[in-house]
Amino acid sequence: MTEGDTAERFMRRALELAERGRGLTSPNPMVGAVVVSQGDVVGEGFHARAGGPHAEIEALRAAGARARAATLYVTLEPCAHHGRTPPCASALIEAGVARVVAAVADPNPLVSGGGFAQLRAAGIEVVVGPGAVEAERQNRVFLTAMRERRPHVTLKAAMTLDGKIADLHGASRWITGELARQRAHRLRSESDAIVVGIGTVLRDDPELTVRLGPPWPREPLRVVLDTGARTPVGARLIRAGRPSCAVIAVGADAPQKRREALALTGATIVTCRTRDGRVDLGALLTELFAREVRAVLVEGGGDVHGAFLDAGLVDRVAMFAAPLLIGGRGATPVVGGAGRELKSAIRLGGLTTTPLGDDLLVEADVVRGPRSV
């Protein structure tokens, strides 16, 4: 087995470990680490929750004295700053690790090469790259948030096969079956905020909660795009969990009495600048990022989907398609707005499909940049 094969094998294990923290570590990334001495794994660890020990610390703790002169395989650059926990780079130096193999660098400005620099300054060999494609995919949310300085945005919808999210009367329950709805709640559980428009609130009165059992204790923010502060004070999304986790994004011209009434419910009222008479989505994402939101799940409706896409703020789509046909101009399309010419269509890549009972989940990343020829 070549050195490259060895690195890939141990990095695969580190990625498997990191996956155990999915949905539980935000605003931190998922990270896995493996300590290897003379070809044998002597310690493993992963980051289980924000504020808890980082993967490197858990792996060093498991390895004990065997970490000296060993190689650490880790899915992300070790941190070199004091955050919720002490820096991992210092711990690796103190443990006497001889070599660190990392899949990708950390674009967080607080780290951004500083961990590697500190390790190299201490005489530790640093190798970057093995498992990079998988590590980028696994931590797409965190990496996008750090690079773009805004949350990663996934557009999620349940639609008929002809692209409708509601019938001609506005009814949408239930387009998809139970397995698809369970997966949709899993997507919610991996998000820090769920965003809908005021139309969805007034029509469906959703809770926007995560209805899964342990280990999903986090409560995503329940965000409403509500320029005119029309959210009813008795809306279920306010009462479904902690009222402060209900975020009502209003415009500066929203009636003061409406804002005050909503504030009295305990909901968080955020005043955003507006664009074309609606809450400016970029301003909202900036506000959410400042609140340590790294993953946003946009759940519509169609006009909200279109607005996010038109603003260039969608990074990924997750479309649940049911074997139904509704038809009709009055039925709500999955993407509203003015529409696009074919040559300007938003392109998707890395497409995957997952059967869920009679339904199908289609996931893909939004492809940015010029079309290749």
# chains A, B, ... in the order shown; residues from 1 in each chain; ligands from 1

call {"tool": "residues_around", "arguments": {"residues": "Met30 in chain A", "least_positions_apart": "3", "cutoff": "7 Å", "atoms": "only C-alpha atoms", "output": "list in words"}}
result
Ala18, Glu19, Gly21, Arg22, Thr25, His47 and Asn139 of chain A

call {"tool": "residues_around", "arguments": {"residues": "range 339-349 of chain A", "least_positions_apart": "3", "cutoff": "8 Å", "atoms": "only C-alpha atoms", "output": "CSV table (one decimal) with all heavy atoms, in the first residue's frame"}}
result
chain,number,residue,atom,x,y,z
A,336,GLY,N,-41.6,30.8,-8.2
A,336,GLY,CA,-42.4,31.9,-8.8
A,336,GLY,C,-41.6,33.0,-9.4
A,336,GLY,O,-40.4,32.8,-9.8
A,364,ALA,N,-29.1,18.8,-5.3
A,364,ALA,CA,-28.0,19.3,-6.1
A,364,ALA,C,-27.5,20.6,-5.6
A,364,ALA,O,-28.2,21.3,-4.9
A,364,ALA,CB,-28.6,19.4,-7.6
A,365,ASP,N,-26.3,20.9,-6.0
A,365,ASP,CA,-25.7,22.2,-5.7
A,365,ASP,C,-25.9,23.2,-6.9
A,365,ASP,O,-25.9,22.8,-8.0
A,365,ASP,CB,-24.2,22.1,-5.5
A,365,ASP,CG,-23.9,21.2,-4.3
A,365,ASP,OD1,-24.5,21.4,-3.2
A,365,ASP,OD2,-23.0,20.4,-4.3
A,366,VAL,N,-26.1,24.4,-6.5
A,366,VAL,CA,-26.2,25.5,-7.6
A,366,VAL,C,-24.8,25.7,-8.1
A,366,VAL,O,-23.8,25.9,-7.4
A,366,VAL,CB,-26.7,26.8,-7.0
A,366,VAL,CG1,-26.7,27.9,-8.0
A,366,VAL,CG2,-28.2,26.6,-6.6
A,367,VAL,N,-24.7,25.7,-9.5
A,367,VAL,CA,-23.4,25.8,-10.1
A,367,VAL,C,-23.2,27.3,-10.5
A,367,VAL,O,-24.1,27.9,-11.1
A,367,VAL,CB,-23.3,25.0,-11.4
A,367,VAL,CG1,-22.0,25.3,-12.2
A,367,VAL,CG2,-23.5,23.5,-11.1
A,368,ARG,N,-22.2,27.9,-10.0
A,368,ARG,CA,-21.9,29.3,-10.2
A,368,ARG,C,-20.8,29.5,-11.3
A,368,ARG,O,-20.0,28.6,-11.5
A,368,ARG,CB,-21.5,30.0,-8.9
A,368,ARG,CG,-22.5,29.8,-7.8
A,368,ARG,CD,-22.3,30.8,-6.7
A,368,ARG,NE,-23.1,30.4,-5.5
A,368,ARG,CZ,-24.4,30.6,-5.4
A,368,ARG,NH1,-25.1,31.1,-6.3
A,368,ARG,NH2,-25.1,30.2,-4.3

call {"tool": "closest_atom_pairs", "arguments": {"of": "range 109-136 of chain A", "to": "range 89-101 of chain A", "cutoff": "8 Å", "atoms": "only C-alpha atoms", "output": "CSV"}}
result
residue,atom,partner,partner_atom,distance
A:Gly115,CA,A:Ala89,CA,5.7
A:Phe116,CA,A:Ala89,CA,7.9
A:Gln118,CA,A:Ala89,CA,6.7
A:Leu119,CA,A:Ala89,CA,6.3
A:Ala122,CA,A:Ile93,CA,6.9
A:Gly123,CA,A:Ala98,CA,7.8
A:Ile124,CA,A:Ala98,CA,5.2
A:Glu125,CA,A:Arg99,CA,4.6
A:Val126,CA,A:Val100,CA,4.9
A:Val127,CA,A:Val101,CA,4.7
A:Val128,CA,A:Val101,CA,5.9
A:Gly129,CA,A:Val101,CA,7.9
A:Pro130,CA,A:Val101,CA,7.5

call {"tool": "closest_residue", "arguments": {"among": "A:Glu136, A:Glu77, A:Glu363, A:Asp205", "to": "Asn108 in chain A", "atoms": "only C-alpha atoms"}}
result
A:Glu77

call {"tool": "atom_distance", "arguments": {"atom1": "CA of Gly228 in chain A", "atom2": "CA of Ile248 in chain A"}}
result
10.1 Å

call {"tool": "select_by_dssp", "arguments": {"residues": "range 209-312 of chain A", "states": "alpha helix (DSSP H)", "output": "PyMOL selection string"}}
result
chain A and resi 236-239+256-264+281-290+302-310

call {"tool": "closest_atom_pairs", "arguments": {"of": "range 229-277 of chain A", "to": "range 289-312 of chain A", "cutoff": "12 Å", "atoms": "only C-alpha atoms", "output": "tab-separated table"}}
result
residue	atom	partner	partner_atom	distance
A:Cys245	CA	A:Arg291	CA	11.3
A:Val247	CA	A:Arg291	CA	11.3
A:Thr268	CA	A:Arg291	CA	11.9
A:Val270	CA	A:Arg291	CA	11.5
A:Arg275	CA	A:Ala307	CA	11.0
A:Asp276	CA	A:Ala307	CA	11.1

call {"tool": "write_last_selection", "arguments": {"atoms": "N, CA and C atoms", "output": "mmCIF file, in the first residue's frame"}}
result
data_model
loop_
_atom_site.group_PDB
_atom_site.id
_atom_site.type_symbol
_atom_site.label_atom_id
_atom_site.label_comp_id
_atom_site.auth_asym_id
_atom_site.auth_seq_id
_atom_site.Cartn_x
_atom_site.Cartn_y
_atom_site.Cartn_z
ATOM 1 N N CYS A 245 -37.207 32.138 19.537
ATOM 2 C CA CYS A 245 -36.681 31.488 18.332
ATOM 3 C C CYS A 245 -37.561 31.751 17.113
ATOM 4 N N VAL A 247 -38.415 34.409 14.637
ATOM 5 C CA VAL A 247 -37.817 35.661 14.184
ATOM 6 C C VAL A 247 -38.710 36.245 13.090
ATOM 7 N N THR A 268 -38.781 37.430 18.381
ATOM 8 C CA THR A 268 -37.684 38.349 18.070
ATOM 9 C C THR A 268 -38.040 39.131 16.809
ATOM 10 N N VAL A 270 -36.899 41.609 13.968
ATOM 11 C CA VAL A 270 -35.701 42.113 13.307
ATOM 12 C C VAL A 270 -36.135 43.049 12.188
ATOM 13 N N ARG A 275 -36.073 46.052 -0.256
ATOM 14 C CA ARG A 275 -35.735 46.223 -1.673
ATOM 15 C C ARG A 275 -36.984 45.892 -2.475
ATOM 16 N N ASP A 276 -37.432 46.836 -3.287
ATOM 17 C CA ASP A 276 -38.660 46.663 -4.073
ATOM 18 C C ASP A 276 -39.844 46.300 -3.183
#

call {"tool": "residues_around", "arguments": {"residues": "Leu168 in chain A", "least_positions_apart": "5", "cutoff": "8 Å", "atoms": "only C-alpha atoms", "output": "number ranges by chain"}}
result
A: 328-332

call {"tool": "residues_around", "arguments": {"residues": "Leu361 in chain A", "least_positions_apart": "6", "cutoff": "6 Å", "atoms": "only C-alpha atoms", "output": "list in words"}}
result
Met319, Phe320, Thr353 and Thr354 of chain A

call {"tool": "select_by_dssp", "arguments": {"residues": "range 28-205 of chain A", "states": "strand (DSSP E or B)", "output": "ChimeraX atom specification"}}
result
/A:32-37,40-46,71-76,99-104,125-128,152-160,164-166,193-197

call {"tool": "atom_distance", "arguments": {"atom1": "CA of Lys164 in chain A", "atom2": "CA of Leu285 in chain A"}}
result
26.8 Å

call {"tool": "atom_distance", "arguments": {"atom1": "CA of His54 in chain A", "atom2": "CA of Arg150 in chain A"}}
result
23.4 Å

call {"tool": "closest_residue", "arguments": {"among": "A:Gln256, A:Thr71, A:Ser26, A:Thr6", "to": "Val42 in chain A", "atoms": "only C-alpha atoms"}}
result
A:Thr71

call {"tool": "residues_around", "arguments": {"residues": "Arg218 in chain A", "least_positions_apart": "4", "cutoff": "9 Å", "atoms": "only C-alpha atoms", "output": "ChimeraX atom specification"}}
result
/A:23-24,189-190,192,210

call {"tool": "write_last_selection", "arguments": {"atoms": "N, CA and C atoms", "output": "mmCIF file, in the first residue's frame"}}
result
data_model
loop_
_atom_site.group_PDB
_atom_site.id
_atom_site.type_symbol
_atom_site.label_atom_id
_atom_site.label_comp_id
_atom_site.auth_asym_id
_atom_site.auth_seq_id
_atom_site.Cartn_x
_atom_site.Cartn_y
_atom_site.Cartn_z
ATOM 1 N N GLY A 23 -25.545 17.828 12.175
ATOM 2 C CA GLY A 23 -26.717 18.458 12.758
ATOM 3 C C GLY A 23 -26.570 18.855 14.212
ATOM 4 N N LEU A 24 -25.406 18.604 14.804
ATOM 5 C CA LEU A 24 -25.250 18.821 16.241
ATOM 6 C C LEU A 24 -24.132 19.789 16.606
ATOM 7 N N SER A 189 -33.510 19.520 10.982
ATOM 8 C CA SER A 189 -32.669 19.286 12.161
ATOM 9 C C SER A 189 -31.222 19.677 11.921
ATOM 10 N N GLU A 190 -30.807 19.684 10.659
ATOM 11 C CA GLU A 190 -29.432 20.039 10.312
ATOM 12 C C GLU A 190 -29.286 21.522 10.007
ATOM 13 N N ASP A 192 -29.922 25.762 11.012
ATOM 14 C CA ASP A 192 -29.965 26.705 12.128
ATOM 15 C C ASP A 192 -31.175 27.625 12.048
ATOM 16 N N VAL A 210 -38.829 20.826 14.443
ATOM 17 C CA VAL A 210 -38.196 19.553 14.109
ATOM 18 C C VAL A 210 -38.911 18.467 14.894
#

call {"tool": "residues_around", "arguments": {"residues": "Leu17 in chain A", "least_positions_apart": "4", "cutoff": "12 Å", "atoms": "only C-alpha atoms", "output": "list in words"}}
result
Phe10, Met11, Arg12, Arg13, Gly21, Arg22, Met30, Val31, Gly32, Ala33, Val34, Gly43, Glu44, Gly45, Phe46, His47, Ala48, Ala55, Glu56, Glu58, Ala59, Tyr73, Val74, Thr75, Ala135 and Gln138 of chain A

call {"tool": "residues_around", "arguments": {"residues": "Arg140 in chain A", "least_positions_apart": "3", "cutoff": "12 Å", "atoms": "only C-alpha atoms", "output": "count of residues only"}}
result
27
